[in-house]
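K.L.:
Next comes the structure file structure_27.cif, holding mmCIF, C-alpha atoms.
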data_entry
#
loop_
_atom_site.label_atom_id
_atom_site.label_comp_id
_atom_site.auth_asym_id
_atom_site.auth_seq_id
_atom_site.Cartn_x
_atom_site.Cartn_y
_atom_site.Cartn_z
CA MET Q 15 54.09 81.51 113.35
CA SER Q 16 57.73 81.96 112.42
CA SER Q 17 59.53 78.82 111.29
CA LYS Q 18 62.32 77.63 109.08
CA LEU Q 19 61.34 74.34 107.48
CA TYR Q 20 63.89 71.83 106.29
CA TYR Q 21 62.97 70.19 103.00
CA LYS Q 22 64.76 68.31 100.25
CA THR Q 23 63.99 67.52 96.63
CA GLN Q 24 65.31 64.63 94.58
CA GLY Q 25 64.68 63.49 91.02
CA SER Q 26 62.57 65.01 88.27
CA GLY Q 27 59.12 64.48 86.84
CA PRO Q 28 55.69 64.76 88.46
CA PRO Q 29 56.12 66.17 92.00
CA LEU Q 30 55.32 63.93 94.95
CA ILE Q 31 55.34 65.32 98.49
CA LEU Q 32 55.82 62.76 101.27
CA ILE Q 33 54.27 63.70 104.64
CA PRO Q 34 55.75 61.77 107.59
CA GLY Q 35 53.76 60.17 110.37
CA PHE Q 36 53.45 60.89 114.06
CA ALA Q 37 56.60 62.35 115.67
CA SER Q 38 58.57 61.54 112.51
CA GLY Q 39 60.62 63.51 110.02
CA ALA Q 40 61.93 63.18 106.48
CA TRP Q 41 64.09 60.25 107.60
CA ILE Q 42 61.07 57.92 107.69
CA TRP Q 43 61.02 57.99 103.87
CA ASN Q 44 64.62 56.79 103.41
CA TRP Q 45 63.29 53.61 101.78
CA GLN Q 46 61.25 55.62 99.26
CA THR Q 47 63.23 58.66 98.14
CA GLY Q 48 65.86 57.00 95.95
CA PRO Q 49 63.62 54.51 94.13
CA LEU Q 50 60.72 56.96 93.63
CA ALA Q 51 63.07 59.73 92.47
CA GLU Q 52 63.93 57.61 89.43
CA LYS Q 53 60.50 58.45 88.00
CA MET Q 54 59.32 61.62 89.76
CA ARG Q 55 60.37 64.66 91.75
CA VAL Q 56 60.25 63.63 95.41
CA ILE Q 57 59.96 66.24 98.17
CA THR Q 58 60.52 65.30 101.82
CA PHE Q 59 60.57 67.55 104.88
CA ASP Q 60 60.80 67.70 108.66
CA PRO Q 61 57.53 69.03 110.14
CA ARG Q 62 57.88 72.25 112.08
CA GLY Q 63 59.63 71.81 115.41
CA ILE Q 64 61.03 68.37 114.54
CA GLY Q 65 64.59 67.51 113.54
CA ARG Q 66 66.05 70.20 111.29
CA SER Q 67 62.93 72.37 111.10
CA GLU Q 68 63.29 75.28 113.48
CA VAL Q 69 60.71 77.46 115.19
CA GLU Q 70 61.85 80.79 116.62
CA ASP Q 71 59.30 80.95 119.44
CA GLN Q 72 59.06 77.56 121.14
CA ASN Q 73 55.86 78.64 122.92
CA GLU Q 74 54.08 78.67 119.56
CA LEU Q 75 54.59 74.91 119.24
CA THR Q 76 51.77 74.29 121.70
CA HIS Q 77 49.30 75.72 119.16
CA LEU Q 78 50.15 73.44 116.26
CA THR Q 79 47.13 72.19 114.31
CA LEU Q 80 46.54 70.09 111.22
CA GLY Q 81 45.84 73.36 109.44
CA CYS Q 82 49.34 74.57 110.33
CA PHE Q 83 50.94 71.40 108.98
CA ALA Q 84 48.87 71.53 105.78
CA SER Q 85 49.82 75.18 105.28
CA ASP Q 86 53.48 74.22 105.65
CA VAL Q 87 53.08 71.77 102.75
CA LEU Q 88 51.60 74.59 100.69
CA GLY Q 89 54.47 76.86 101.70
CA ILE Q 90 57.03 74.34 100.49
CA MET Q 91 55.20 74.07 97.18
CA ASP Q 92 55.21 77.84 96.80
CA ARG Q 93 58.94 78.06 97.51
CA LEU Q 94 59.61 75.38 94.93
CA GLU Q 95 57.17 77.00 92.48
CA ILE Q 96 55.08 73.84 92.25
CA GLU Q 97 51.55 74.61 91.09
CA LYS Q 98 50.12 71.13 91.69
CA ALA Q 99 51.57 68.13 93.49
CA ASN Q 100 50.76 64.56 94.29
CA VAL Q 101 50.64 64.12 98.07
CA LEU Q 102 51.35 60.97 100.09
CA GLY Q 103 50.69 60.93 103.82
CA ALA Q 104 51.29 58.02 106.20
CA SER Q 105 49.45 57.56 109.51
CA PHE Q 106 49.31 61.04 111.15
CA GLY Q 107 50.68 62.34 107.85
CA GLY Q 108 47.51 60.94 106.29
CA PHE Q 109 45.49 63.27 108.51
CA VAL Q 110 47.60 66.18 107.29
CA ALA Q 111 47.15 65.05 103.68
CA GLN Q 112 43.37 64.95 104.08
CA GLN Q 113 43.45 68.44 105.57
CA PHE Q 114 45.58 69.64 102.64
CA ALA Q 115 43.17 68.11 100.12
CA LEU Q 116 40.20 69.91 101.65
CA SER Q 117 41.96 73.21 102.32
CA PHE Q 118 43.85 73.56 99.03
CA PRO Q 119 42.03 71.38 96.46
CA ASP Q 120 43.33 73.36 93.48
CA ARG Q 121 46.93 72.58 94.46
CA LEU Q 122 46.47 68.80 94.66
CA ASN Q 123 46.76 66.33 91.79
CA LYS Q 124 46.50 62.80 93.23
CA LEU Q 125 46.26 61.73 96.86
CA ILE Q 126 47.81 58.69 98.53
CA LEU Q 127 46.80 57.76 102.08
CA ALA Q 128 48.80 55.02 103.80
CA CYS Q 129 47.99 53.24 107.08
CA THR Q 130 45.55 55.93 108.17
CA GLY Q 131 41.85 56.66 108.68
CA PHE Q 132 39.29 59.42 109.13
CA GLY Q 133 39.42 59.49 112.94
CA GLY Q 134 36.44 60.31 115.13
CA SER Q 135 34.12 58.05 117.07
CA HIS Q 136 34.21 55.29 114.45
CA HIS Q 137 37.99 54.99 114.44
CA VAL Q 138 39.02 51.38 115.11
CA ALA Q 139 41.45 51.67 118.00
CA PRO Q 140 44.58 49.58 118.52
CA ALA Q 141 45.16 47.43 121.60
CA PRO Q 142 45.20 49.34 124.92
CA GLU Q 143 48.92 48.75 125.46
CA ILE Q 144 49.71 50.47 122.15
CA LEU Q 145 47.52 53.44 123.06
CA LEU Q 146 49.31 53.74 126.40
CA ALA Q 147 52.70 53.67 124.68
CA PHE Q 148 51.69 56.65 122.53
CA ALA Q 149 50.15 58.58 125.42
CA SER Q 150 53.25 58.66 127.61
CA THR Q 151 56.03 61.21 127.09
CA ASP Q 152 58.41 59.66 129.62
CA GLY Q 153 61.90 59.42 128.12
CA MET Q 154 60.45 59.97 124.67
CA ASN Q 155 63.80 60.68 122.99
CA THR Q 156 65.71 57.94 124.80
CA SER Q 157 67.01 54.82 123.08
CA GLU Q 158 64.94 52.53 125.30
CA ARG Q 159 61.66 54.38 124.70
CA ILE Q 160 62.21 54.66 120.95
CA ARG Q 161 62.88 50.94 120.58
CA LYS Q 162 59.88 50.02 122.71
CA PHE Q 163 57.73 52.44 120.71
CA MET Q 164 58.88 51.13 117.32
CA ALA Q 165 58.55 47.39 117.90
CA PRO Q 166 54.72 47.17 117.53
CA ALA Q 167 54.90 49.23 114.33
CA PHE Q 168 56.55 46.24 112.65
CA SER Q 169 55.23 42.70 112.43
CA ASP Q 170 56.64 40.13 114.84
CA GLU Q 171 58.11 38.27 111.88
CA PHE Q 172 59.92 41.33 110.59
CA ASN Q 173 61.23 42.19 114.05
CA ALA Q 174 62.66 38.67 114.31
CA LEU Q 175 64.04 38.33 110.78
CA HIS Q 176 65.27 41.87 110.11
CA PRO Q 177 66.44 43.38 113.42
CA GLU Q 178 69.09 45.41 111.57
CA THR Q 179 66.42 47.32 109.63
CA VAL Q 180 64.36 47.97 112.75
CA GLU Q 181 67.53 49.18 114.46
CA GLU Q 182 68.28 51.51 111.56
CA VAL Q 183 64.80 53.04 111.86
CA CYS Q 184 65.36 53.51 115.60
CA ARG Q 185 68.74 55.17 115.06
CA LEU Q 186 67.23 57.58 112.53
CA ARG Q 187 64.46 58.46 114.98
CA GLU Q 188 67.05 59.01 117.73
CA ALA Q 189 68.88 61.51 115.55
CA SER Q 190 65.66 63.47 114.92
CA ILE Q 191 64.79 65.10 118.24
CA VAL Q 192 61.09 65.61 118.95
CA PRO Q 193 60.39 68.27 121.61
CA GLU Q 194 57.71 67.33 124.13
CA THR Q 195 55.64 70.37 123.12
CA VAL Q 196 55.55 69.17 119.50
CA TYR Q 197 54.76 65.60 120.54
CA LEU Q 198 51.84 66.73 122.68
CA ALA Q 199 50.56 69.11 120.00
CA GLN Q 200 50.59 66.33 117.41
CA MET Q 201 48.91 64.01 119.92
CA LYS Q 202 46.13 66.55 120.49
CA ALA Q 203 45.68 67.03 116.74
CA ALA Q 204 45.52 63.25 116.24
CA THR Q 205 43.09 62.48 119.06
CA THR Q 206 40.69 65.27 118.06
CA PHE Q 207 40.83 64.50 114.32
CA ASP Q 208 37.41 63.66 112.89
CA PHE Q 209 36.96 63.84 109.12
CA GLU Q 210 34.41 61.03 108.74
CA TYR Q 211 31.82 63.41 107.31
CA LEU Q 212 34.31 65.58 105.44
CA VAL Q 213 36.38 63.15 103.36
CA GLY Q 214 33.47 62.69 100.96
CA GLY Q 215 34.29 66.20 99.81
CA ILE Q 216 37.70 65.10 98.53
CA LYS Q 217 37.07 64.66 94.80
CA HIS Q 218 40.64 63.85 93.77
CA GLU Q 219 41.75 60.46 92.56
CA THR Q 220 42.90 58.70 95.73
CA LEU Q 221 44.83 55.54 96.56
CA VAL Q 222 44.40 54.12 100.05
CA LEU Q 223 47.07 51.65 101.18
CA THR Q 224 47.03 49.39 104.23
CA GLY Q 225 48.63 46.27 105.63
CA ASP Q 226 46.66 43.42 107.17
CA ARG Q 227 49.05 43.22 110.16
CA ASP Q 228 48.89 46.88 111.15
CA ARG Q 229 48.63 46.96 114.95
CA VAL Q 230 48.82 50.76 115.26
CA VAL Q 231 46.10 51.77 112.79
CA PRO Q 232 44.13 48.55 112.16
CA MET Q 233 43.40 48.00 108.47
CA GLN Q 234 39.63 48.39 108.88
CA ASN Q 235 40.25 52.13 109.27
CA SER Q 236 41.63 52.30 105.74
CA PHE Q 237 38.71 50.35 104.32
CA ASN Q 238 36.26 52.63 106.13
CA LEU Q 239 38.12 55.68 104.81
CA ALA Q 240 38.13 54.50 101.19
CA ALA Q 241 34.41 53.72 101.38
CA LYS Q 242 33.67 57.37 102.21
CA MET Q 243 35.67 58.84 99.34
CA PRO Q 244 34.06 59.11 95.88
CA ARG Q 245 37.23 58.46 93.83
CA ALA Q 246 39.21 56.18 96.14
CA GLN Q 247 40.61 52.76 95.44
CA ILE Q 248 42.11 50.58 98.16
CA LYS Q 249 45.10 48.28 98.01
CA LEU Q 250 45.83 45.73 100.73
CA ILE Q 251 49.44 44.64 101.23
CA GLU Q 252 49.29 41.18 102.76
CA GLY Q 253 51.63 40.71 105.68
CA GLY Q 254 52.19 44.45 105.90
CA SER Q 255 52.46 46.17 109.28
CA HIS Q 256 52.11 49.85 110.15
CA MET Q 257 55.61 50.31 108.74
CA PHE Q 258 54.84 48.40 105.56
CA PHE Q 259 56.54 51.09 103.48
CA VAL Q 260 59.78 49.93 105.13
CA GLU Q 261 58.97 46.21 105.43
CA ARG Q 262 57.66 45.94 101.88
CA ALA Q 263 59.44 48.96 100.40
CA GLY Q 264 59.82 47.50 96.91
CA GLU Q 265 56.15 46.59 96.61
CA PHE Q 266 55.04 49.87 98.17
CA ASN Q 267 57.23 51.98 95.88
CA GLU Q 268 56.06 50.15 92.78
CA ILE Q 269 52.39 50.68 93.68
CA VAL Q 270 52.92 54.38 94.39
CA SER Q 271 54.96 54.95 91.23
CA GLU Q 272 52.37 53.25 89.04
CA PHE Q 273 49.53 55.26 90.60
CA VAL Q 274 51.29 58.62 90.25
CA ASN Q 275 52.50 58.02 86.71
CA CYS Q 276 49.43 56.37 85.21
#
Please go through the file and, once you have read it, give me the structure as structure tokens.
P.N.:
Amino acid sequence: MSSKLYYKTQGSGPPLILIPGFASGAWIWNWQTGPLAEKMRVITFDPRGIGRSEVEDQNELTHLTLGCFASDVLGIMDRLEIEKANVLGASFGGFVAQQFALSFPDRLNKLILACTGFGGSHHVAPAPEILLAFASTDGMNTSERIRKFMAPAFSDEFNALHPETVEEVCRLREASIVPETVYLAQMKAATTFDFEYLVGGIKHETLVLTGDRDRVVPMQNSFNLAAKMPRAQIKLIEGGSHMFFVERAGEFNEIVSEFVNC
């Protein structure tokens, strides 16, 4: 598959690659890059087909898999001449991070999995209305759809008290176009993901992070995931939603920085 991936590096020190979640790009990490770059080399990117990452043959986007996304992470590392990196994946990005850990174990240092799970039949599903919101592609790049889609990712309290931050997230998403083919390919990869009996093979030191108000990927998924992994520790952020890395950015960044640098 021929693609031109957009990526950016900031800071110096131990490398940390941030993998965005479902239908998201590098923009989702705007609340992490500056603070984390004070202590490490932070690499962000737009997944193939999204935002500034181009694919020459649009027909190839229908065949995207988690293996493709994990290989793209490896490709970025090779271009930057990074032998080993710490990898942080959120939500769908957590699926990609797990795939990377199993496919390229010698290239991974530490693993961080945020608001994610191992998928499969034992995945704890969100409320039906949230599932329906994800399933539809109607008006997916429109302002109205984006704002409706984003609201459940934050807690009700945060939506009420910090509407300007939620609006900023929505504007960033609006500026990062997601083709329907990419959206559907990621959806297929997400709904068929099942690593329940594979994650035990990830031997790297792992930090699993979750919020107790996550309505998109309920926190029990993170606890179930950590329980399957031999070197995983779990950290619960009280009051944190699916977007807890935005809502509680300071706390999140401090936890990540301490884990990577310890």
K.L.:
Identify, on the basis of all atoms listed in the file, every residue whose closest approach to region 242-255 of chain Q does not exceed 6 Å; exclude the query and any residue fewer than 3 positions from it along the same chain; express the result as number ranges by chain.
P.N.:
Q: 168-169, 213-214, 219-228, 239, 258
K.L.:
Of the residues Q:Gln113, Q:Asn100, Q:Thr156, Q:Gln200, which is the one nearest to Ile216 (chain Q), using all atoms listed in the file?
P.N.:
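Between Q:Gln113, Q:Asn100, Q:Thr156, Q:Gln200, the residue approaching Ile216 (chain Q) most closely is Q:Gln113.
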K.L.:
Using all atoms listed in the file, which residues sit within 8 Å of Ala167 (chain Q) once same-chain residues fewer than 2 positions away are excluded, as an MDAnalysis selection string?
P.N.:
chainID Q and resid 163:165 169 228:230 255:257
K.L.:
To test the calculation: enclose all listed atoms of region 227-236 of chain Q in a box whose edges run along x, y and z, add 8 Å on each side, then state centre and edge lengths in Å to one decimal, as AutoDock Vina command-line options.
P.N.:
--center_x 44.3 --center_y 47.8 --center_z 110.5 --size_x 25.4 --size_y 25.1 --size_z 25.5
K.L.:
Could you state the separation of CA of Ser157 (chain Q) and CA of Arg262 (chain Q) in Å, given to one decimal place?
P.N.:
24.8 Å
K.L.:
Using the chain letters and residue numbers of this document, give as a ChimeraX atom specification the residues selected by the PyMOL selection byres ((chain Q and resi 25) around 10).
P.N.:
/Q:23-24,26-29,47-57
K.L.:
How about saving the chosen residues, C-alpha atoms kept, as a PDB file, in the coordinates of the input?
P.N.:
ATOM      1  CA  THR Q  23      63.990  67.520  96.630  1.00  0.00           C
ATOM      2  CA  GLN Q  24      65.310  64.630  94.580  1.00  0.00           C
ATOM      3  CA  SER Q  26      62.570  65.010  88.270  1.00  0.00           C
ATOM      4  CA  GLY Q  27      59.120  64.480  86.840  1.00  0.00           C
ATOM      5  CA  PRO Q  28      55.690  64.760  88.460  1.00  0.00           C
ATOM      6  CA  PRO Q  29      56.120  66.170  92.000  1.00  0.00           C
ATOM      7  CA  THR Q  47      63.230  58.660  98.140  1.00  0.00           C
ATOM      8  CA  GLY Q  48      65.860  57.000  95.950  1.00  0.00           C
ATOM      9  CA  PRO Q  49      63.620  54.510  94.130  1.00  0.00           C
ATOM     10  CA  LEU Q  50      60.720  56.960  93.630  1.00  0.00           C
ATOM     11  CA  ALA Q  51      63.070  59.730  92.470  1.00  0.00           C
ATOM     12  CA  GLU Q  52      63.930  57.610  89.430  1.00  0.00           C
ATOM     13  CA  LYS Q  53      60.500  58.450  88.000  1.00  0.00           C
ATOM     14  CA  MET Q  54      59.320  61.620  89.760  1.00  0.00           C
ATOM     15  CA  ARG Q  55      60.370  64.660  91.750  1.00  0.00           C
ATOM     16  CA  VAL Q  56      60.250  63.630  95.410  1.00  0.00           C
ATOM     17  CA  ILE Q  57      59.960  66.240  98.170  1.00  0.00           C
TER      18      ILE Q  57
END
K.L.:
Within 12 Å of (51.8, 68.3, 121.3) (coordinates as in the file), grab all the protein and nucleic acid residues, counting all atoms listed in the file, and write them out as a PyMOL selection string.
P.N.:
chain Q and resi 36-37+62-64+72-80+148-151+192-206
K.L.:
With all atoms listed in the file as the basis for distance, which of Q:Gln112, Q:Ser135, Q:Ser67, Q:Asn44 is at the shortest distance from Tyr21 (chain Q)?
P.N.:
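Ranked by minimum distance to Tyr21 (chain Q), first place goes to Q:Ser67.
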K.L.:
Starting from the displayed file, determine the output of the PyMOL selection byres ((chain Q and resi 179) around 12) and express the residue list as JSON, numbers by chain.
P.N.:
{"Q": [44, 45, 164, 165, 168, 172, 173, 174, 175, 176, 177, 178, 180, 181, 182, 183, 184, 185, 186, 257, 260, 261, 262, 263]}
K.L.:
Point out the residue among Q:Ile160, Q:Ala111, Q:Ile144, Q:Pro166 with the least atom-to-atom distance to Ala189 (chain Q), counting all atoms listed in the file.
P.N.:
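Distance minimum relative to Ala189 (chain Q) lands on Q:Ile160.
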K.L.:
Go through the shown structure with the PyMOL selection byres ((chain Q and resi 87) around 12) and write out the matching residues as a VMD selection string.
P.N.:
chain Q and resid 19 to 21 30 to 34 57 to 62 80 to 86 88 to 94 96 98 to 103 107 110 to 115 117 to 118 121 to 122
K.L.:
Measure the distance from CA of Asn235 (chain Q) to CA of Val270 (chain Q) in Å and round it to one decimal.
P.N.:
19.7 Å
K.L.:
If I take CA of Glu95 (chain Q) and CA of Lys217 (chain Q), how far is one from the other in Å, to one decimal?
P.N.:
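Interatomic distance, CA of Glu95 (chain Q) to CA of Lys217 (chain Q): 23.7 Å.
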K.L.:
Q:Ile126, Q:Val274, Q:Ile42, Q:Ile191: which is nearest Met154 (chain Q), counting all atoms listed in the file?
P.N.:
Q:Ile191
K.L.:
I'd like to know which of Q:Ala147, Q:Ala141, Q:Ala240, Q:Ala128 is closest to Asn267 (chain Q), using all atoms listed in the file.
P.N.:
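Among the listed residues, the smallest separation from Asn267 (chain Q) belongs to Q:Ala128.
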K.L.:
Would you mind completing region 20-31 of chain Q to all heavy atoms and writing the output as a short mmCIF file (atom, residue, chain, number, x, y, z; two decimals), in the frame of the given file?
P.N.:
data_model
loop_
_atom_site.label_atom_id
_atom_site.label_comp_id
_atom_site.auth_asym_id
_atom_site.auth_seq_id
_atom_site.Cartn_x
_atom_site.Cartn_y
_atom_site.Cartn_z
N TYR Q 20 62.92 72.58 107.08
CA TYR Q 20 63.89 71.83 106.29
C TYR Q 20 63.14 70.99 105.27
O TYR Q 20 62.19 70.28 105.62
CB TYR Q 20 64.72 70.91 107.19
CG TYR Q 20 65.53 69.89 106.40
CD1 TYR Q 20 66.78 70.22 105.90
CD2 TYR Q 20 65.01 68.62 106.13
CE1 TYR Q 20 67.51 69.30 105.15
CE2 TYR Q 20 65.73 67.70 105.38
CZ TYR Q 20 66.98 68.05 104.90
OH TYR Q 20 67.70 67.14 104.15
N TYR Q 21 63.54 71.06 104.02
CA TYR Q 21 62.97 70.19 103.00
C TYR Q 21 64.04 69.85 101.97
O TYR Q 21 65.06 70.53 101.85
CB TYR Q 21 61.75 70.82 102.32
CG TYR Q 21 62.01 72.14 101.61
CD1 TYR Q 21 62.40 72.16 100.28
CD2 TYR Q 21 61.86 73.35 102.28
CE1 TYR Q 21 62.64 73.36 99.62
CE2 TYR Q 21 62.09 74.55 101.63
CZ TYR Q 21 62.48 74.55 100.30
OH TYR Q 21 62.72 75.73 99.65
N LYS Q 22 63.79 68.79 101.23
CA LYS Q 22 64.76 68.31 100.25
C LYS Q 22 64.03 67.80 99.03
O LYS Q 22 62.96 67.18 99.15
CB LYS Q 22 65.62 67.19 100.85
CG LYS Q 22 66.68 66.62 99.92
CD LYS Q 22 67.47 65.53 100.61
CE LYS Q 22 68.54 64.95 99.68
NZ LYS Q 22 69.32 63.87 100.36
N THR Q 23 64.57 68.06 97.86
CA THR Q 23 63.99 67.52 96.63
C THR Q 23 64.99 66.59 95.96
O THR Q 23 66.20 66.76 96.09
CB THR Q 23 63.61 68.65 95.64
OG1 THR Q 23 64.80 69.27 95.16
CG2 THR Q 23 62.73 69.68 96.32
N GLN Q 24 64.46 65.60 95.27
CA GLN Q 24 65.31 64.63 94.58
C GLN Q 24 64.57 64.12 93.35
O GLN Q 24 63.37 63.83 93.41
CB GLN Q 24 65.64 63.47 95.53
CG GLN Q 24 66.64 62.46 94.97
CD GLN Q 24 67.03 61.43 96.02
OE1 GLN Q 24 66.89 61.66 97.22
NE2 GLN Q 24 67.53 60.29 95.58
N GLY Q 25 65.26 64.01 92.24
CA GLY Q 25 64.68 63.49 91.02
C GLY Q 25 63.95 64.56 90.22
O GLY Q 25 63.93 65.74 90.57
N SER Q 26 63.34 64.11 89.13
CA SER Q 26 62.57 65.01 88.27
C SER Q 26 61.34 64.27 87.76
O SER Q 26 61.29 63.05 87.77
CB SER Q 26 63.43 65.50 87.09
OG SER Q 26 63.87 64.41 86.31
N GLY Q 27 60.37 65.06 87.31
CA GLY Q 27 59.12 64.48 86.84
C GLY Q 27 57.97 65.01 87.67
O GLY Q 27 58.07 66.06 88.31
N PRO Q 28 56.84 64.29 87.69
CA PRO Q 28 55.69 64.76 88.46
C PRO Q 28 56.05 64.87 89.94
O PRO Q 28 56.63 63.94 90.51
CB PRO Q 28 54.62 63.69 88.22
CG PRO Q 28 55.38 62.48 87.77
CD PRO Q 28 56.57 62.99 87.03
N PRO Q 29 55.74 66.00 90.60
CA PRO Q 29 56.12 66.17 92.00
C PRO Q 29 55.29 65.32 92.95
O PRO Q 29 54.07 65.20 92.79
CB PRO Q 29 55.89 67.66 92.25
CG PRO Q 29 54.89 68.07 91.23
CD PRO Q 29 55.12 67.21 90.03
N LEU Q 30 55.97 64.73 93.92
CA LEU Q 30 55.32 63.93 94.95
C LEU Q 30 55.85 64.39 96.31
O LEU Q 30 57.05 64.30 96.57
CB LEU Q 30 55.62 62.44 94.76
CG LEU Q 30 55.13 61.50 95.89
CD1 LEU Q 30 53.60 61.47 95.93
CD2 LEU Q 30 55.69 60.08 95.70
N ILE Q 31 54.96 64.88 97.16
CA ILE Q 31 55.34 65.32 98.49
C ILE Q 31 55.00 64.21 99.49
O ILE Q 31 53.86 63.73 99.53
CB ILE Q 31 54.61 66.62 98.88
CG1 ILE Q 31 54.97 67.73 97.89
CG2 ILE Q 31 54.97 67.02 100.31
CD1 ILE Q 31 54.26 69.05 98.15
#
